[in-house]
Amino acid sequence: MTGTGFEKAPARDRKRFPGISSRAYEHPADRSALVALRKLTGFDTVFKALSGLLPERSLRLLFLSDSVRVGETQFPHLHAMLLDACYILDLEKVPQMYVQQDPKPNAMCIGLDEPIIVVTTGLVELLDEEEMRAVVGHEVGHALSGHSVYRTILLFLTNLALKVSWIPLGNVAIMGIVTALREWFRKSELSADRAGLLVGQDVHASMRGLMKLAGGNHLHEMNVDAFLAQAEEYEQGGDLRDSVLKILNMLPRTHPFTTVRAAELKKWSQSRDHQRIMDGHYPRREEDKDTSVTDSFRQSAAHYADSVRTSKDPLMKLVGDIAGGTADLGGKLRDRFTGAGSGTGSGTGGAPGTGGSSEDGGKGGATEQG
């Protein structure tokens with residue numbers, strides 16, 4: 001995948017995934033949060049009650065009255081893409097889709113009872129057919145995962161935070177929830193990028209779309225390898241000050257940075273998990289009710305631990321070094337007080353006070369762990 005441009009993918013048969021569960025493509029952090037929410041007793045009841053407070057009906061009327069509803073007679077090529085995406089991901093109820101006049105490229109999936117998809121004219125004009133197919137698949141992935149519910153809540157809370165900003169500490173409390181939801185939101189974008197790839201089944205088109213979101217319709221001036229190299233430089237560059245600035249830059253955002261999304265999607269496209277899905281081996285919706293919250297959290301924790309361990313970011317490397325040093329210190333303390341790892345015959349000779357054997361035992365323990 002080198003060079004400065006890409007050819008449009010030829011007509012081809014794409015695979016379909018009957019009964020696929022959203023767990024198949026969800027990012028570990030996104031999946032664990034969703035499984036936990038779905039398992040909460042009365043969760044659906046609470047949010048249906050909350051829907052009376054949320055401006056969902058107002059949003060639907062707004063799009064119906066001031067945007068163009070996609071269908072057989074309006075934006076038929078987008079309608080065909082929507083039907084195709086729902087067919088591939090086996091989403092039985094096709095969401096309504098609207099095109100909104102806005103020069104800024106954007107798309108979203110919102111709604112509590114029934115998700116609706118909105119794409120801007122800026123996005124429609126920016127992307128070619130295969131790039132747009134990946135975006136529509138991205139939004140259908142949000143619908144299949146149930147993301148639209150939490151996105152609507154985030155939208156509501158963000159607007160509420162602005163209205164109560166004059167109340168002492170009121171904004172602080174709401175923004176705490178908003179910050180947590182934004183962290184989930186960013187992970188949900190990585191999940192939906194994967195869904196878009198499953199629908200389009202053209203990683204080149206997905207990369208092109210992300211590059212255009214970053215640099216506009218100038219593919220002849222861009223290079224995908226150089227674009228991915230930016231993500232590598234962003235991750236590993238700078239010192240601890242830059243790491244803190246990265247966090248501060250990220251906090252107000254709802255989406256991960258574009259180069260990071262491209263790198264994450266490229267990595268997943270080459271993973272065993274992706275290949276298994278393409279081979280027809282994936283979790284089914286009928287199994288969702290048996291999903292373990294504990295297992296999902298364990299997978300999420302393992303993902304974060306692996307991210308810290310392999311990250312090239314200076315702050316993450318420091319965290320990993322501290323964690324590793326703490327574990328090593330803990331092992332030495334354990335050996336010191338239990339006699340584990342000491343030399344042969346040290347059952348009684350490894351007690352404190354026999355400096356040589358105790359010190360040797362500590363070294364032995366450290367070597368064993370290493």
# chains A, B, ... in the order shown; residues from 1 in each chain; ligands from 1
call {"tool": "residues_around", "arguments": {"residues": "A:Lys93", "least_positions_apart": "3", "cutoff": "10 Å", "atoms": "only C-alpha atoms", "output": "list of chain:residue names"}}
result
A:Leu83, A:Cys86, A:Tyr87, A:Asp90, A:Gln96, A:Glu114, A:Pro115, A:Ala143, A:Leu144
call {"tool": "write_last_selection", "arguments": {"atoms": "C-alpha atoms", "output": "compact mmCIF listing (two decimals), in the first residue's frame"}}
result
# COMPACT_ATOMS: atom_id res chain seq x y z
CA LEU A 83 -29.19 -1.32 2.59
CA CYS A 86 -27.31 -3.56 6.91
CA TYR A 87 -27.35 -6.72 4.78
CA ASP A 90 -27.32 -8.54 9.26
CA GLN A 96 -33.34 6.25 8.75
CA GLU A 114 -34.47 3.91 16.98
CA PRO A 115 -31.06 5.07 15.71
CA ALA A 143 -26.32 1.17 15.38
CA LEU A 144 -25.64 -2.56 15.79
call {"tool": "atom_distance", "arguments": {"atom1": "atom CA of A:Arg261", "atom2": "atom CA of A:Leu59"}}
result
28.5 Å
call {"tool": "atom_distance", "arguments": {"atom1": "atom CA of A:Arg60", "atom2": "atom CA of A:Val136"}}
result
19.1 Å
call {"tool": "atom_distance", "arguments": {"atom1": "atom CA of A:Ser191", "atom2": "atom CA of A:His142"}}
result
8.1 Å
call {"tool": "decode", "arguments": {"residues": "stretch 188-202 of chain A", "atoms": "N, CA, C and O atoms", "output": "short mmCIF file (atom, residue, chain, number, x, y, z; two decimals), in the first residue's frame"}}
result
data_model
loop_
_atom_site.label_atom_id
_atom_site.label_comp_id
_atom_site.auth_asym_id
_atom_site.auth_seq_id
_atom_site.Cartn_x
_atom_site.Cartn_y
_atom_site.Cartn_z
N SER A 188 -15.36 3.77 21.13
CA SER A 188 -16.44 3.30 20.26
C SER A 188 -16.17 3.65 18.81
O SER A 188 -16.60 2.95 17.90
N GLU A 189 -15.43 4.74 18.57
CA GLU A 189 -15.06 5.11 17.20
C GLU A 189 -14.12 4.06 16.60
O GLU A 189 -14.22 3.73 15.41
N LEU A 190 -13.21 3.54 17.40
CA LEU A 190 -12.31 2.50 16.91
C LEU A 190 -13.10 1.23 16.57
O LEU A 190 -12.80 0.55 15.58
N SER A 191 -14.12 0.94 17.38
CA SER A 191 -14.98 -0.21 17.08
C SER A 191 -15.70 -0.01 15.76
O SER A 191 -15.75 -0.91 14.91
N ALA A 192 -16.27 1.18 15.57
CA ALA A 192 -17.04 1.45 14.36
C ALA A 192 -16.15 1.48 13.12
O ALA A 192 -16.59 1.10 12.03
N ASP A 193 -14.91 1.92 13.25
CA ASP A 193 -13.97 1.85 12.13
C ASP A 193 -13.81 0.40 11.66
O ASP A 193 -13.73 0.12 10.46
N ARG A 194 -13.77 -0.51 12.62
CA ARG A 194 -13.64 -1.94 12.28
C ARG A 194 -14.90 -2.42 11.56
O ARG A 194 -14.81 -3.18 10.59
N ALA A 195 -16.07 -1.97 12.03
CA ALA A 195 -17.32 -2.34 11.36
C ALA A 195 -17.32 -1.82 9.93
O ALA A 195 -17.77 -2.51 9.00
N GLY A 196 -16.82 -0.60 9.74
CA GLY A 196 -16.74 -0.04 8.39
C GLY A 196 -15.87 -0.87 7.48
O GLY A 196 -16.17 -1.04 6.29
N LEU A 197 -14.79 -1.42 8.03
CA LEU A 197 -13.91 -2.27 7.24
C LEU A 197 -14.59 -3.59 6.90
O LEU A 197 -14.44 -4.12 5.78
N LEU A 198 -15.38 -4.14 7.83
CA LEU A 198 -16.11 -5.38 7.56
C LEU A 198 -17.15 -5.18 6.46
O LEU A 198 -17.41 -6.09 5.68
N VAL A 199 -17.73 -3.99 6.39
CA VAL A 199 -18.72 -3.71 5.35
C VAL A 199 -18.05 -3.45 4.02
O VAL A 199 -18.40 -4.03 2.99
N GLY A 200 -17.06 -2.56 4.01
CA GLY A 200 -16.41 -2.21 2.75
C GLY A 200 -15.44 -3.26 2.27
O GLY A 200 -15.25 -3.45 1.06
N GLN A 201 -14.79 -3.94 3.22
CA GLN A 201 -13.82 -5.00 2.92
C GLN A 201 -12.74 -4.50 1.96
O GLN A 201 -12.30 -5.22 1.06
N ASP A 202 -12.34 -3.25 2.17
CA ASP A 202 -11.31 -2.62 1.36
C ASP A 202 -10.52 -1.68 2.26
O ASP A 202 -10.91 -0.53 2.48
#
